[in-house]
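What follows is the content of entry-v3.txt (compact mmCIF, N, CA and C atoms).
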```
# COMPACT_ATOMS: atom_id res chain seq x y z
N MET A 526 -11.57 38.15 -177.52
CA MET A 526 -12.40 39.26 -177.13
C MET A 526 -11.61 40.55 -177.34
N ARG A 527 -12.23 41.50 -177.96
CA ARG A 527 -11.55 42.76 -178.27
C ARG A 527 -11.53 43.68 -177.05
N THR A 528 -10.67 44.69 -177.10
CA THR A 528 -10.46 45.57 -175.95
C THR A 528 -11.74 46.28 -175.55
N HIS A 529 -12.48 46.81 -176.51
CA HIS A 529 -13.68 47.56 -176.14
C HIS A 529 -14.74 46.65 -175.52
N GLU A 530 -14.76 45.38 -175.92
CA GLU A 530 -15.71 44.45 -175.33
C GLU A 530 -15.38 44.18 -173.86
N LYS A 531 -14.10 44.11 -173.55
CA LYS A 531 -13.69 43.92 -172.16
C LYS A 531 -14.09 45.11 -171.30
N TRP A 532 -13.88 46.32 -171.83
CA TRP A 532 -14.25 47.52 -171.07
C TRP A 532 -15.76 47.61 -170.89
N LEU A 533 -16.53 47.18 -171.89
CA LEU A 533 -17.98 47.18 -171.73
C LEU A 533 -18.42 46.21 -170.65
N LEU A 534 -17.77 45.06 -170.57
CA LEU A 534 -18.10 44.11 -169.50
C LEU A 534 -17.79 44.69 -168.13
N VAL A 535 -16.69 45.42 -168.02
CA VAL A 535 -16.35 46.07 -166.74
C VAL A 535 -17.41 47.12 -166.39
N ALA A 536 -17.85 47.90 -167.38
CA ALA A 536 -18.88 48.91 -167.14
C ALA A 536 -20.19 48.26 -166.70
N ILE A 537 -20.55 47.15 -167.32
CA ILE A 537 -21.77 46.43 -166.93
C ILE A 537 -21.64 45.90 -165.51
N THR A 538 -20.46 45.41 -165.17
CA THR A 538 -20.24 44.91 -163.81
C THR A 538 -20.40 46.02 -162.78
N PHE A 539 -19.84 47.20 -163.05
CA PHE A 539 -20.00 48.32 -162.14
C PHE A 539 -21.47 48.74 -162.02
N THR A 540 -22.20 48.65 -163.12
CA THR A 540 -23.63 48.99 -163.08
C THR A 540 -24.40 48.03 -162.18
N VAL A 541 -24.12 46.75 -162.32
CA VAL A 541 -24.79 45.74 -161.48
C VAL A 541 -24.41 45.95 -160.02
N LEU A 542 -23.13 46.22 -159.76
CA LEU A 542 -22.72 46.49 -158.38
C LEU A 542 -23.44 47.71 -157.81
N ARG A 543 -23.64 48.72 -158.64
CA ARG A 543 -24.35 49.92 -158.18
C ARG A 543 -25.79 49.59 -157.81
N TRP A 544 -26.43 48.75 -158.63
CA TRP A 544 -27.80 48.34 -158.31
C TRP A 544 -27.85 47.58 -156.99
N VAL A 545 -26.87 46.70 -156.76
CA VAL A 545 -26.82 45.94 -155.50
C VAL A 545 -26.62 46.89 -154.33
N VAL A 546 -25.71 47.86 -154.48
CA VAL A 546 -25.46 48.83 -153.42
C VAL A 546 -26.73 49.62 -153.12
N MET A 547 -27.41 50.08 -154.15
CA MET A 547 -28.62 50.89 -153.94
C MET A 547 -29.73 50.06 -153.28
N ALA A 548 -29.76 48.76 -153.55
CA ALA A 548 -30.81 47.92 -152.99
C ALA A 548 -30.52 47.49 -151.55
N THR A 549 -29.24 47.41 -151.19
CA THR A 549 -28.92 46.84 -149.88
C THR A 549 -28.51 47.88 -148.84
N LEU A 550 -27.81 48.93 -149.24
CA LEU A 550 -27.33 49.90 -148.26
C LEU A 550 -28.33 51.04 -148.08
N ASP A 551 -28.08 51.81 -147.03
CA ASP A 551 -28.96 52.92 -146.73
C ASP A 551 -28.12 54.09 -146.21
N GLY A 552 -28.56 55.30 -146.48
CA GLY A 552 -27.90 56.47 -145.92
C GLY A 552 -26.72 56.96 -146.73
N ASP A 553 -25.71 57.47 -146.01
CA ASP A 553 -24.54 58.07 -146.64
C ASP A 553 -23.71 57.06 -147.42
N ALA A 554 -23.61 55.84 -146.91
CA ALA A 554 -22.82 54.82 -147.61
C ALA A 554 -23.41 54.54 -148.98
N GLU A 555 -24.72 54.48 -149.06
CA GLU A 555 -25.40 54.26 -150.34
C GLU A 555 -25.08 55.39 -151.32
N THR A 556 -25.13 56.61 -150.83
CA THR A 556 -24.88 57.76 -151.69
C THR A 556 -23.44 57.78 -152.20
N VAL A 557 -22.49 57.60 -151.29
CA VAL A 557 -21.07 57.66 -151.68
C VAL A 557 -20.72 56.54 -152.64
N LEU A 558 -21.08 55.31 -152.30
CA LEU A 558 -20.76 54.19 -153.17
C LEU A 558 -21.53 54.25 -154.48
N GLY A 559 -22.77 54.71 -154.43
CA GLY A 559 -23.57 54.83 -155.66
C GLY A 559 -22.96 55.83 -156.62
N VAL A 560 -22.53 56.97 -156.10
CA VAL A 560 -21.91 57.99 -156.96
C VAL A 560 -20.57 57.49 -157.49
N ALA A 561 -19.77 56.86 -156.63
CA ALA A 561 -18.46 56.36 -157.06
C ALA A 561 -18.60 55.30 -158.15
N LEU A 562 -19.52 54.38 -157.97
CA LEU A 562 -19.72 53.34 -158.98
C LEU A 562 -20.31 53.92 -160.26
N GLY A 563 -21.15 54.94 -160.14
CA GLY A 563 -21.68 55.60 -161.32
C GLY A 563 -20.60 56.28 -162.13
N ILE A 564 -19.67 56.94 -161.44
CA ILE A 564 -18.56 57.60 -162.12
C ILE A 564 -17.65 56.56 -162.79
N LEU A 565 -17.36 55.47 -162.09
CA LEU A 565 -16.55 54.41 -162.68
C LEU A 565 -17.21 53.81 -163.92
N THR A 566 -18.53 53.67 -163.88
CA THR A 566 -19.26 53.16 -165.04
C THR A 566 -19.11 54.09 -166.23
N LEU A 567 -19.25 55.38 -166.00
CA LEU A 567 -19.10 56.34 -167.09
C LEU A 567 -17.69 56.34 -167.66
N VAL A 568 -16.70 56.27 -166.79
CA VAL A 568 -15.31 56.25 -167.26
C VAL A 568 -15.05 55.01 -168.11
N CYS A 569 -15.52 53.86 -167.66
CA CYS A 569 -15.33 52.63 -168.43
C CYS A 569 -16.05 52.69 -169.77
N ALA A 570 -17.23 53.28 -169.79
CA ALA A 570 -17.97 53.41 -171.04
C ALA A 570 -17.23 54.32 -172.03
N VAL A 571 -16.65 55.39 -171.53
CA VAL A 571 -15.89 56.29 -172.40
C VAL A 571 -14.64 55.59 -172.93
N VAL A 572 -13.93 54.86 -172.08
CA VAL A 572 -12.75 54.12 -172.51
C VAL A 572 -13.14 53.07 -173.56
N ALA A 573 -14.26 52.39 -173.36
CA ALA A 573 -14.73 51.40 -174.33
C ALA A 573 -15.05 52.06 -175.66
N PHE A 574 -15.67 53.23 -175.62
CA PHE A 574 -16.01 53.92 -176.86
C PHE A 574 -14.75 54.34 -177.62
N VAL A 575 -13.77 54.89 -176.89
CA VAL A 575 -12.52 55.30 -177.53
C VAL A 575 -11.80 54.08 -178.11
N ALA A 576 -11.77 52.98 -177.38
CA ALA A 576 -11.12 51.77 -177.89
C ALA A 576 -11.85 51.25 -179.12
N TRP A 577 -13.16 51.30 -179.12
CA TRP A 577 -13.94 50.86 -180.27
C TRP A 577 -13.64 51.70 -181.50
N ARG A 578 -13.52 53.01 -181.31
CA ARG A 578 -13.21 53.91 -182.43
C ARG A 578 -11.81 53.65 -182.98
N ARG A 579 -10.86 53.34 -182.10
CA ARG A 579 -9.48 53.10 -182.54
C ARG A 579 -9.31 51.76 -183.23
N GLU A 580 -10.06 50.74 -182.77
CA GLU A 580 -9.91 49.41 -183.33
C GLU A 580 -10.46 49.30 -184.75
N GLY A 581 -11.47 50.06 -185.05
CA GLY A 581 -12.05 49.99 -186.38
C GLY A 581 -12.91 48.74 -186.56
N PRO A 582 -13.35 48.50 -187.79
CA PRO A 582 -14.23 47.34 -188.03
C PRO A 582 -13.48 46.02 -187.86
N ARG A 583 -14.24 45.03 -187.49
CA ARG A 583 -13.66 43.68 -187.30
C ARG A 583 -13.33 43.10 -188.67
N ARG A 584 -12.14 42.54 -188.75
CA ARG A 584 -11.71 41.93 -190.03
C ARG A 584 -11.50 40.44 -189.85
N GLY A 585 -11.81 39.72 -190.89
CA GLY A 585 -11.55 38.28 -190.88
C GLY A 585 -12.70 37.53 -190.42
```
Before anything else, please render the file you have as structure tokens.
Amino acid sequence: MRTHEKWLLVAITFTVLRWVVMATLDGDAETVLGVALGILTLVCAVVAFVAWRREGPRRG
């Protein structure tokens, strides 16, 4: 598994966790955790994109 694929899986995991948080929690905890997980998702997506650009096309 290539580096950018691993980072995409982490971003997907944070997205699913955010959905679970939004569905189960209420109030301030939902807002804080939802925003934090959203930011982590964006950071992981950016890291995956940069890794994908650096790795180049798959060979072999």
Residues within 8 Å of Glu530 of chain A, all atoms listed in the file, excluding chain neighbours under 3 positions, as a CSV table (one decimal) with N, CA and C atoms, keeping the file's coordinate frame:
```csv
chain,number,residue,atom,x,y,z
A,526,MET,N,-11.6,38.2,-177.5
A,526,MET,CA,-12.4,39.3,-177.1
A,526,MET,C,-11.6,40.6,-177.3
A,527,ARG,N,-12.2,41.5,-178.0
A,527,ARG,CA,-11.6,42.8,-178.3
A,527,ARG,C,-11.5,43.7,-177.0
A,533,LEU,N,-16.5,47.2,-171.9
A,533,LEU,CA,-18.0,47.2,-171.7
A,533,LEU,C,-18.4,46.2,-170.6
A,534,LEU,N,-17.8,45.1,-170.6
A,534,LEU,CA,-18.1,44.1,-169.5
A,534,LEU,C,-17.8,44.7,-168.1
A,535,VAL,N,-16.7,45.4,-168.0
A,535,VAL,CA,-16.4,46.1,-166.7
A,535,VAL,C,-17.4,47.1,-166.4
A,536,ALA,N,-17.8,47.9,-167.4
A,536,ALA,CA,-18.9,48.9,-167.1
A,536,ALA,C,-20.2,48.3,-166.7
A,573,ALA,N,-14.3,52.4,-173.4
A,573,ALA,CA,-14.7,51.4,-174.3
A,573,ALA,C,-15.0,52.1,-175.7
A,574,PHE,N,-15.7,53.2,-175.6
A,574,PHE,CA,-16.0,53.9,-176.9
A,574,PHE,C,-14.8,54.3,-177.6
A,576,ALA,N,-11.8,53.0,-177.4
A,576,ALA,CA,-11.1,51.8,-177.9
A,576,ALA,C,-11.8,51.2,-179.1
A,577,TRP,N,-13.2,51.3,-179.1
A,577,TRP,CA,-13.9,50.9,-180.3
A,577,TRP,C,-13.6,51.7,-181.5
```
8 Å contact set for segment 551-563 of chain A, only N, CA and C atoms, chain neighbours under 6 positions out, as a list in words: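 In the requested form, the answer reads Phe539, Thr540, Leu542, Arg543, Trp544 and Cys569 of chain A.
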Using only the atoms of segment 545-560 of chain A listed in the file, plus 3 Å on each side, state the axis-aligned box centre and edge lengths in Å rounded to one decimal, as lines of an AutoDock Vina configuration file.
```
center_x = -25.7
center_y = 52.0
center_z = -151.7
size_x = 16.2
size_y = 18.1
size_z = 17.6
```
What is the atom CA of Thr566 of chain A to atom CA of Thr538 of chain A distance in Å? 8.4 Å
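Atom CA of Ile537 of chain A to atom N of Val575 of chain A spans 15.3 Å [interatomic distance, one decimal].
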To one decimal in Å, tell me the separation between atom C of Ala570 of chain A and atom CA of Trp532 of chain A.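 Those two atoms sit 7.5 Å apart.
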Quick one: DSSP helix (DSSP H, G or I) residues in chain A, as a PyMOL selection string? chain A and resi 528-549+553-580
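If only N, CA and C atoms are the atoms counted, then among A:Ile564, A:Ala548, A:Arg584, A:Val572 the closest residue to Thr528 of chain A is A:Val572.
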Selected segment 548-583 of chain A, written as a tab-separated table (two decimals), in the first residue's frame, N, CA, C and O atoms:
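The resulting file, result_13.tsv, is reproduced below:
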```tsv
chain	number	residue	atom	x	y	z
A	548	ALA	N	-23.93	12.00	15.19
A	548	ALA	CA	-25.16	11.24	15.39
A	548	ALA	C	-25.43	10.93	16.86
A	548	ALA	O	-26.58	10.77	17.26
A	549	THR	N	-24.36	10.84	17.66
A	549	THR	CA	-24.56	10.37	19.03
A	549	THR	C	-24.48	11.48	20.08
A	549	THR	O	-25.18	11.40	21.09
A	550	LEU	N	-23.62	12.47	19.89
A	550	LEU	CA	-23.45	13.50	20.90
A	550	LEU	C	-24.38	14.68	20.65
A	550	LEU	O	-24.97	14.82	19.57
A	551	ASP	N	-24.47	15.53	21.66
A	551	ASP	CA	-25.33	16.69	21.56
A	551	ASP	C	-24.66	17.87	22.26
A	551	ASP	O	-23.92	17.70	23.22
A	552	GLY	N	-24.90	19.07	21.77
A	552	GLY	CA	-24.41	20.26	22.45
A	552	GLY	C	-22.99	20.64	22.08
A	552	GLY	O	-22.54	20.46	20.96
A	553	ASP	N	-22.28	21.17	23.08
A	553	ASP	CA	-20.93	21.68	22.86
A	553	ASP	C	-19.93	20.58	22.50
A	553	ASP	O	-19.03	20.80	21.68
A	554	ALA	N	-20.09	19.41	23.09
A	554	ALA	CA	-19.17	18.31	22.79
A	554	ALA	C	-19.26	17.93	21.32
A	554	ALA	O	-18.24	17.67	20.68
A	555	GLU	N	-20.46	17.91	20.79
A	555	GLU	CA	-20.65	17.60	19.36
A	555	GLU	C	-19.95	18.63	18.49
A	555	GLU	O	-19.27	18.29	17.52
A	556	THR	N	-20.09	19.89	18.84
A	556	THR	CA	-19.48	20.96	18.06
A	556	THR	C	-17.96	20.89	18.09
A	556	THR	O	-17.30	20.93	17.05
A	557	VAL	N	-17.40	20.75	19.29
A	557	VAL	CA	-15.94	20.74	19.43
A	557	VAL	C	-15.34	19.53	18.73
A	557	VAL	O	-14.39	19.65	17.95
A	558	LEU	N	-15.87	18.35	19.00
A	558	LEU	CA	-15.33	17.14	18.38
A	558	LEU	C	-15.59	17.12	16.87
A	558	LEU	O	-14.74	16.67	16.11
A	559	GLY	N	-16.74	17.62	16.45
A	559	GLY	CA	-17.04	17.67	15.02
A	559	GLY	C	-16.07	18.56	14.27
A	559	GLY	O	-15.56	18.20	13.20
A	560	VAL	N	-15.79	19.73	14.83
A	560	VAL	CA	-14.84	20.65	14.19
A	560	VAL	C	-13.44	20.06	14.20
A	560	VAL	O	-12.71	20.11	13.19
A	561	ALA	N	-13.03	19.48	15.33
A	561	ALA	CA	-11.68	18.91	15.42
A	561	ALA	C	-11.49	17.76	14.43
A	561	ALA	O	-10.48	17.70	13.73
A	562	LEU	N	-12.48	16.89	14.33
A	562	LEU	CA	-12.37	15.78	13.39
A	562	LEU	C	-12.44	16.27	11.94
A	562	LEU	O	-11.79	15.71	11.06
A	563	GLY	N	-13.20	17.32	11.69
A	563	GLY	CA	-13.24	17.90	10.35
A	563	GLY	C	-11.90	18.48	9.94
A	563	GLY	O	-11.45	18.29	8.81
A	564	ILE	N	-11.24	19.16	10.87
A	564	ILE	CA	-9.92	19.72	10.58
A	564	ILE	C	-8.91	18.60	10.36
A	564	ILE	O	-8.10	18.66	9.42
A	565	LEU	N	-8.94	17.56	11.18
A	565	LEU	CA	-8.04	16.43	10.99
A	565	LEU	C	-8.26	15.75	9.64
A	565	LEU	O	-7.31	15.33	8.98
A	566	THR	N	-9.52	15.66	9.22
A	566	THR	CA	-9.82	15.08	7.91
A	566	THR	C	-9.20	15.90	6.80
A	566	THR	O	-8.59	15.35	5.87
A	567	LEU	N	-9.34	17.21	6.87
A	567	LEU	CA	-8.75	18.07	5.84
A	567	LEU	C	-7.23	17.98	5.82
A	567	LEU	O	-6.63	17.93	4.74
A	568	VAL	N	-6.62	17.95	6.98
A	568	VAL	CA	-5.16	17.84	7.04
A	568	VAL	C	-4.70	16.52	6.42
A	568	VAL	O	-3.75	16.50	5.62
A	569	CYS	N	-5.36	15.43	6.75
A	569	CYS	CA	-4.99	14.13	6.18
A	569	CYS	C	-5.19	14.11	4.67
A	569	CYS	O	-4.38	13.52	3.95
A	570	ALA	N	-6.25	14.73	4.19
A	570	ALA	CA	-6.48	14.78	2.76
A	570	ALA	C	-5.40	15.58	2.04
A	570	ALA	O	-4.94	15.19	0.96
A	571	VAL	N	-4.96	16.67	2.64
A	571	VAL	CA	-3.89	17.47	2.03
A	571	VAL	C	-2.58	16.68	2.03
A	571	VAL	O	-1.86	16.67	1.02
A	572	VAL	N	-2.27	16.00	3.13
A	572	VAL	CA	-1.05	15.19	3.19
A	572	VAL	C	-1.11	14.08	2.15
A	572	VAL	O	-0.12	13.79	1.47
A	573	ALA	N	-2.27	13.45	1.98
A	573	ALA	CA	-2.43	12.40	0.97
A	573	ALA	C	-2.22	12.96	-0.42
A	573	ALA	O	-1.57	12.33	-1.27
A	574	PHE	N	-2.74	14.14	-0.69
A	574	PHE	CA	-2.58	14.74	-2.01
A	574	PHE	C	-1.11	15.05	-2.29
A	574	PHE	O	-0.60	14.75	-3.38
A	575	VAL	N	-0.42	15.62	-1.31
A	575	VAL	CA	1.00	15.94	-1.49
A	575	VAL	C	1.80	14.66	-1.69
A	575	VAL	O	2.69	14.60	-2.56
A	576	ALA	N	1.51	13.62	-0.92
A	576	ALA	CA	2.21	12.35	-1.09
A	576	ALA	C	1.94	11.75	-2.46
A	576	ALA	O	2.85	11.21	-3.10
A	577	TRP	N	0.72	11.85	-2.93
A	577	TRP	CA	0.36	11.34	-4.25
A	577	TRP	C	1.13	12.07	-5.35
A	577	TRP	O	1.62	11.45	-6.28
A	578	ARG	N	1.26	13.38	-5.21
A	578	ARG	CA	1.99	14.17	-6.21
A	578	ARG	C	3.48	13.82	-6.20
A	578	ARG	O	4.12	13.80	-7.24
A	579	ARG	N	4.03	13.56	-5.03
A	579	ARG	CA	5.46	13.24	-4.94
A	579	ARG	C	5.78	11.83	-5.42
A	579	ARG	O	6.86	11.58	-5.94
A	580	GLU	N	4.86	10.89	-5.20
A	580	GLU	CA	5.12	9.50	-5.57
A	580	GLU	C	5.10	9.29	-7.08
A	580	GLU	O	5.78	8.42	-7.58
A	581	GLY	N	4.30	10.06	-7.78
A	581	GLY	CA	4.22	9.90	-9.22
A	581	GLY	C	3.41	8.67	-9.61
A	581	GLY	O	2.81	8.02	-8.77
A	582	PRO	N	3.41	8.34	-10.89
A	582	PRO	CA	2.61	7.20	-11.35
A	582	PRO	C	3.17	5.87	-10.84
A	582	PRO	O	4.37	5.72	-10.59
A	583	ARG	N	2.27	4.93	-10.70
A	583	ARG	CA	2.67	3.59	-10.23
A	583	ARG	C	3.42	2.89	-11.35
A	583	ARG	O	3.00	2.86	-12.49
```
